[in-house]
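K.L.:
Please see the structure below; I have some questions.
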Amino acid sequence: MNKNLILVVEDDPSVRNLIVATLKANDYKYIVADNGESAVANAASHNPDIVLLDLGLPDIDGIEVIKRIRSWSNMPIVVISARSEDDDKISALDAGADDYVTKPFSVAELLARVRVMKRRIDATAGSEQSVFVNGDLRIDFAAGSAYLGNAELHLTPIEYKLLSLLAKNVGKVLTHTYITQNVWGSSWDNDVASLRVFMASLRKKLENSQGTQDYIQTHVGIGYRMNRVD
Ligand code: CA
C-alpha cells in the first residue's frame with residue numbers, strides 16, 4: 001500500500017490546483033484524475049489511501065464512481081460538493097462515501113477531513129476487536145455493554161444499537177437512511193423522527209459533568225458521525 005497517497009478527482013482546474021497545492025504543502029503524495037472513468041482506473045491501479053472526489057464530473061457521475069470503487073474496495077472517499085447539493089451528498093454517503101466537504105472549503109477544513117480519514121484507516125487497521133475504546137467511552141460488544149469512564153451506561157436496546165453502529169463506523173458520516181435501515185430495518189419518515197429522539201437521549205447519556213459530549217456529531221439534514229476524541 002502506498003503510504004498517504006491521495007487520489008484527487010476534480011474536473012475544475014482552479015479547485016484541483018488548490019487541492020493539489022494544499023496536499024503538496026503538507027507532504028502528501030497525490031495523483032489526479034479529471035473525469036470519472038480515469039478516477040476509477042486510477043483507484044484500481046494505484047490503490048490510494050484516500051479519494052477526494054468531486055461529484056459533478058464531465059463523464060460519469062461521482063455517485064457512480066463511488067459505487068464502482070465500492071464494488072472492490074473500502075478505501076476512504078471524501079466527497080467534494082457544492083452547498084446546493086445536499087441531496088447529492090446524501091446519495092454519495094448512501095453509496096458508500098465516508099465524508100464530505102462543501103465548496104467553497106478552506107484549506108484547513110480539507111486537511112482536517114483528510115486527517116480524520118487517516119485516523120479512520122489507522123483505527124480500522126486492526127478492527128474486528130470485541131472491545132471499542134474512544135476517549136472515556138468503552139463498548140464491550142461481546143458483553144453487549146457500554147461504559148463512560150467507570151460507569152456503565154444504561155442504554156435502551158435501540159440506543160445501544162445506535163451507539164454500536166456509530167462506533168463501528170467511527171469517523172464516518174452515516175445518513176439517516178443508513179442508520180434507520182440498520183437499526184429498524186426500514187426507513188420511513190417516522191423512523192427518522194424517532195431517530196432524532198433516540199439520538200438526543202443517547203447524546204444526553206454521553207455527556208460529561210460539564211453537560212457536553214464530543215462523541216456524536218449531528219450533520220443537520222444529513223445524519224450523524226461518531227468522532228474520535230482521543
Ligand atoms: Ca465538477
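A note on labels: chains of the C-alpha cells are A, B, ... as shown, every chain counts residues from 1, and ligands are counted from 1 in their shown order.
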Do you know which residues are within 8 Å of ligand 1 using only C-alpha atoms and all ligand atoms? Can you write them as a ChimeraX atom specification?

P.N.:
/A:10-12,54-58

K.L.:
Hey, can you spit out that residue selection with C-alpha atoms as a PDB file, in the first residue's frame?

P.N.:
```
ATOM      1  CA  GLU A  10     -11.811  17.158  -9.868  1.00  0.00           C
ATOM      2  CA  ASP A  11     -12.516  18.498 -13.344  1.00  0.00           C
ATOM      3  CA  ASP A  12     -12.388  22.191 -12.374  1.00  0.00           C
ATOM      4  CA  ASP A  54     -15.859  15.933  -6.893  1.00  0.00           C
ATOM      5  CA  LEU A  55     -19.435  14.804  -7.611  1.00  0.00           C
ATOM      6  CA  GLY A  56     -20.039  16.794 -10.800  1.00  0.00           C
ATOM      7  CA  LEU A  57     -17.763  15.197 -13.386  1.00  0.00           C
ATOM      8  CA  PRO A  58     -17.874  15.515 -17.180  1.00  0.00           C
TER       9      PRO A  58
END
```

K.L.:
Taking only region 136-221 of chain A into account, list the residues labelled strand (DSSP E or B) by DSSP (computed from the backbone), as a ChimeraX atom specification.

P.N.:
/A:137-140,145-148,151-152,173-175,216-219

K.L.:
Which residues in region 133-166 of chain A does DSSP call alpha helix (DSSP H)? List them as a PyMOL selection string.

P.N.:
chain A and resi 157-166

K.L.:
I'd like the contact shell of region 38-40 of chain A - 8 Å cut-off, only C-alpha atoms, skipping same-chain residues fewer than 6 positions apart - returned as a list in words.

P.N.:
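These residues fall inside the cut-off: Leu7, Val9, Val32, Val65, Arg68 and Ile69 of chain A.
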
K.L.:
Given the selection you just returned, output its residues as a file containing N, CA and C atoms, formatted as a PDB file, in the first residue's frame.

P.N.:
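Below is the file that was written, out36.pdb:
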```
ATOM      1  N   LEU A   7      -5.847  10.286  -4.030  1.00  0.00           N
ATOM      2  CA  LEU A   7      -6.354  10.457  -5.393  1.00  0.00           C
ATOM      3  C   LEU A   7      -7.314  11.642  -5.408  1.00  0.00           C
ATOM      4  N   VAL A   9      -9.892  13.793  -7.490  1.00  0.00           N
ATOM      5  CA  VAL A   9     -10.744  13.714  -8.675  1.00  0.00           C
ATOM      6  C   VAL A   9     -11.534  15.006  -8.779  1.00  0.00           C
ATOM      7  N   VAL A  32      -3.855  12.715  -9.743  1.00  0.00           N
ATOM      8  CA  VAL A  32      -5.059  13.439 -10.098  1.00  0.00           C
ATOM      9  C   VAL A  32      -5.800  12.750 -11.247  1.00  0.00           C
ATOM     10  N   VAL A  65     -19.003   6.696  -9.615  1.00  0.00           N
ATOM     11  CA  VAL A  65     -17.601   6.413  -9.290  1.00  0.00           C
ATOM     12  C   VAL A  65     -17.516   5.724  -7.926  1.00  0.00           C
ATOM     13  N   ARG A  68     -18.719   2.101  -8.153  1.00  0.00           N
ATOM     14  CA  ARG A  68     -17.744   1.218  -8.804  1.00  0.00           C
ATOM     15  C   ARG A  68     -16.578   0.908  -7.878  1.00  0.00           C
ATOM     16  N   ILE A  69     -16.048   1.956  -7.210  1.00  0.00           N
ATOM     17  CA  ILE A  69     -14.921   1.708  -6.289  1.00  0.00           C
ATOM     18  C   ILE A  69     -15.370   0.775  -5.160  1.00  0.00           C
TER      19      ILE A  69
END
```

K.L.:
Just checking: using only C-alpha atoms, which residue out of A:Tyr28, A:His176, A:Asp88, A:Tyr100 ends up closest to Leu52 (chain A)?

P.N.:
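Counting only C-alpha atoms, the residue closest to Leu52 (chain A) is A:Tyr100.
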
K.L.:
Between A:Val79, A:His219, A:Val15, A:Arg228, which is the closest to Phe132 (chain A) once you count only C-alpha atoms?

P.N.:
A:Arg228

K.L.:
For Ser164 (chain A), please output as a list in words all residues within 10 Å (counting only C-alpha atoms; exclusion window: fewer than 5 positions along the same chain).

P.N.:
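So the residues in contact are Phe132, Ile139, Asp140, Phe141, Gly144, Ser145, Ala146, Ile158, Glu159, Asn169 and Val170 of chain A.
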
K.L.:
Give me a file of those residues, with N, CA, C and O atoms, as an mmCIF file, in the first residue's frame.

P.N.:
```cif
data_model
loop_
_atom_site.group_PDB
_atom_site.id
_atom_site.type_symbol
_atom_site.label_atom_id
_atom_site.label_comp_id
_atom_site.auth_asym_id
_atom_site.auth_seq_id
_atom_site.Cartn_x
_atom_site.Cartn_y
_atom_site.Cartn_z
ATOM 1 N N PHE A 132 -14.399 -1.756 21.972
ATOM 2 C CA PHE A 132 -14.149 -0.486 21.289
ATOM 3 C C PHE A 132 -13.872 0.573 22.346
ATOM 4 O O PHE A 132 -14.619 0.688 23.326
ATOM 5 N N ILE A 139 -17.011 0.252 24.698
ATOM 6 C CA ILE A 139 -18.117 -0.651 24.382
ATOM 7 C C ILE A 139 -17.568 -2.067 24.339
ATOM 8 O O ILE A 139 -16.609 -2.345 23.622
ATOM 9 N N ASP A 140 -18.160 -2.935 25.111
ATOM 10 C CA ASP A 140 -17.792 -4.352 25.093
ATOM 11 C C ASP A 140 -18.850 -5.059 24.254
ATOM 12 O O ASP A 140 -19.942 -5.359 24.737
ATOM 13 N N PHE A 141 -18.519 -5.300 22.971
ATOM 14 C CA PHE A 141 -19.513 -5.864 22.054
ATOM 15 C C PHE A 141 -19.916 -7.283 22.472
ATOM 16 O O PHE A 141 -21.056 -7.679 22.315
ATOM 17 N N GLY A 144 -22.179 -6.859 25.278
ATOM 18 C CA GLY A 144 -23.321 -6.009 24.959
ATOM 19 C C GLY A 144 -23.507 -4.876 25.949
ATOM 20 O O GLY A 144 -24.625 -4.464 26.241
ATOM 21 N N SER A 145 -22.373 -4.357 26.464
ATOM 22 C CA SER A 145 -22.491 -3.254 27.423
ATOM 23 C C SER A 145 -21.538 -2.117 27.075
ATOM 24 O O SER A 145 -20.528 -2.326 26.392
ATOM 25 N N ALA A 146 -21.904 -0.920 27.527
ATOM 26 C CA ALA A 146 -21.106 0.269 27.234
ATOM 27 C C ALA A 146 -20.824 1.028 28.524
ATOM 28 O O ALA A 146 -21.642 1.007 29.461
ATOM 29 N N ILE A 158 -32.305 0.011 21.626
ATOM 30 C CA ILE A 158 -32.115 0.828 20.412
ATOM 31 C C ILE A 158 -30.949 1.792 20.581
ATOM 32 O O ILE A 158 -30.132 1.960 19.669
ATOM 33 N N GLU A 159 -30.837 2.408 21.742
ATOM 34 C CA GLU A 159 -29.699 3.303 21.979
ATOM 35 C C GLU A 159 -28.379 2.537 21.854
ATOM 36 O O GLU A 159 -27.402 3.040 21.284
ATOM 37 N N ASN A 169 -18.410 2.526 12.822
ATOM 38 C CA ASN A 169 -18.122 3.393 11.668
ATOM 39 C C ASN A 169 -17.500 4.706 12.129
ATOM 40 O O ASN A 169 -17.731 5.749 11.527
ATOM 41 N N VAL A 170 -16.712 4.653 13.196
ATOM 42 C CA VAL A 170 -16.167 5.887 13.778
ATOM 43 C C VAL A 170 -15.437 6.705 12.709
ATOM 44 O O VAL A 170 -14.701 6.158 11.887
#
```

K.L.:
Considering only C-alpha atoms, state which residue in the set A:Ala193, A:Ser73, A:Thr212, A:Ile80 is at the smallest distance from Ser106 (chain A).

P.N.:
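Of A:Ala193, A:Ser73, A:Thr212, A:Ile80, the one nearest Ser106 (chain A), counting only C-alpha atoms, is A:Ile80.
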
K.L.:
Could you name the residues that touch Leu206 (chain A) at 10 Å or less, counting only C-alpha atoms, but leaving out those on the same chain fewer than 6 positions away, as number ranges by chain?

P.N.:
A: 136-137, 147-148, 153, 212-216

K.L.:
What's the 6 Å shell around Val51 (chain A), counting only C-alpha atoms, without same-chain residues fewer than 2 positions away, as a ChimeraX atom specification?

P.N.:
/A:6-7,53,77

K.L.:
Do you have the CA of Leu195 (chain A)-CA of Gln217 (chain A) distance handy?

P.N.:
13.9 Å

K.L.:
Tell me which of A:Asn208, A:Ala44, A:Leu162, A:Leu18 sits closest to Pro104 (chain A), counting only C-alpha atoms.

P.N.:
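Under the stated criterion, the closest residue is A:Leu18.
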
K.L.:
Between CA of Val8 (chain A) and CA of Ala33 (chain A), what is the spacing in Å?

P.N.:
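Computed distance, CA of Ala33 (chain A) to CA of Val8 (chain A), equals 6.2 Å.
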
K.L.:
Counting only C-alpha atoms, which residue out of A:Val192, A:Ala92, A:Ile19, A:Ile63 sits closest to Gly36 (chain A)?

P.N.:
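That would be A:Ile63, the residue with the smallest distance to Gly36 (chain A).
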
K.L.:
May I ask which of the residues A:Asp94, A:Glu109, A:Asp27, A:Glu85 is the closest one to Gln181 (chain A), counting only C-alpha atoms?

P.N.:
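When distances to Gln181 (chain A) are compared using only C-alpha atoms, the smallest one comes from A:Asp94.
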
K.L.:
Could you name the residues that touch Ser194 (chain A) at 12 Å or less, counting only C-alpha atoms, but leaving out those on the same chain fewer than 2 positions away, as a ChimeraX atom specification?

P.N.:
/A:158-159,162,176,179-180,183-184,187-192,196-201

K.L.:
Convert the current residue selection to file output with N, CA, C and O atoms, as a short mmCIF file (atom, residue, chain, number, x, y, z; two decimals), in the first residue's frame.

P.N.:
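Final file, part_2.cif:
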```cif
data_model
loop_
_atom_site.label_atom_id
_atom_site.label_comp_id
_atom_site.auth_asym_id
_atom_site.auth_seq_id
_atom_site.Cartn_x
_atom_site.Cartn_y
_atom_site.Cartn_z
N ILE A 158 -32.30 0.01 21.63
CA ILE A 158 -32.12 0.83 20.41
C ILE A 158 -30.95 1.79 20.58
O ILE A 158 -30.13 1.96 19.67
N GLU A 159 -30.84 2.41 21.74
CA GLU A 159 -29.70 3.30 21.98
C GLU A 159 -28.38 2.54 21.85
O GLU A 159 -27.40 3.04 21.28
N LEU A 162 -27.67 1.96 18.20
CA LEU A 162 -27.21 3.21 17.57
C LEU A 162 -25.75 3.48 17.92
O LEU A 162 -24.94 3.80 17.04
N HIS A 176 -29.27 9.42 7.74
CA HIS A 176 -30.50 8.99 8.44
C HIS A 176 -30.98 7.66 7.87
O HIS A 176 -31.35 6.75 8.61
N ILE A 179 -28.79 4.70 8.89
CA ILE A 179 -28.95 4.34 10.30
C ILE A 179 -30.30 3.66 10.53
O ILE A 179 -30.37 2.60 11.17
N THR A 180 -31.36 4.24 9.99
CA THR A 180 -32.69 3.65 10.26
C THR A 180 -32.81 2.27 9.62
O THR A 180 -33.41 1.37 10.20
N VAL A 183 -30.93 -0.05 11.97
CA VAL A 183 -31.46 -0.22 13.32
C VAL A 183 -32.90 -0.71 13.31
O VAL A 183 -33.28 -1.57 14.09
N TRP A 184 -33.71 -0.18 12.39
CA TRP A 184 -35.12 -0.57 12.33
C TRP A 184 -35.44 -1.50 11.16
O TRP A 184 -36.53 -2.05 11.08
N SER A 187 -36.96 2.57 6.49
CA SER A 187 -36.62 3.99 6.56
C SER A 187 -37.80 4.88 6.20
O SER A 187 -37.81 5.54 5.18
N TRP A 188 -38.79 4.87 7.06
CA TRP A 188 -39.92 5.78 6.87
C TRP A 188 -39.61 7.11 7.54
O TRP A 188 -38.72 7.19 8.38
N ASP A 189 -40.36 8.12 7.17
CA ASP A 189 -40.18 9.43 7.81
C ASP A 189 -40.32 9.33 9.32
O ASP A 189 -39.62 10.00 10.07
N ASN A 190 -41.23 8.46 9.76
CA ASN A 190 -41.44 8.28 11.20
C ASN A 190 -40.19 7.76 11.89
O ASN A 190 -39.91 8.11 13.03
N ASP A 191 -39.45 6.90 11.17
CA ASP A 191 -38.23 6.35 11.75
C ASP A 191 -37.20 7.46 11.94
O ASP A 191 -36.48 7.47 12.93
N VAL A 192 -37.13 8.38 10.96
CA VAL A 192 -36.17 9.48 11.06
C VAL A 192 -36.54 10.38 12.24
O VAL A 192 -35.68 10.83 12.98
N ARG A 196 -34.21 10.95 15.75
CA ARG A 196 -33.80 12.19 16.40
C ARG A 196 -34.01 12.10 17.91
O ARG A 196 -33.19 12.55 18.70
N VAL A 197 -35.14 11.50 18.30
CA VAL A 197 -35.47 11.39 19.72
C VAL A 197 -34.48 10.46 20.43
O VAL A 197 -33.93 10.80 21.47
N PHE A 198 -34.25 9.30 19.82
CA PHE A 198 -33.31 8.34 20.43
C PHE A 198 -31.91 8.93 20.49
O PHE A 198 -31.17 8.73 21.45
N MET A 199 -31.53 9.66 19.44
CA MET A 199 -30.18 10.21 19.37
C MET A 199 -30.01 11.30 20.45
O MET A 199 -28.95 11.38 21.07
N ALA A 200 -31.05 12.11 20.65
CA ALA A 200 -30.98 13.15 21.69
C ALA A 200 -30.78 12.51 23.05
O ALA A 200 -29.97 12.97 23.87
N SER A 201 -31.49 11.42 23.28
CA SER A 201 -31.40 10.72 24.57
C SER A 201 -30.02 10.08 24.73
O SER A 201 -29.40 10.16 25.80
#
```

K.L.:
Report, in Å to a single decimal, how far apart CA of Asp49 (chain A) and CA of Trp72 (chain A) are.

P.N.:
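Pair CA of Trp72 (chain A) / CA of Asp49 (chain A) returns 14.1 Å.
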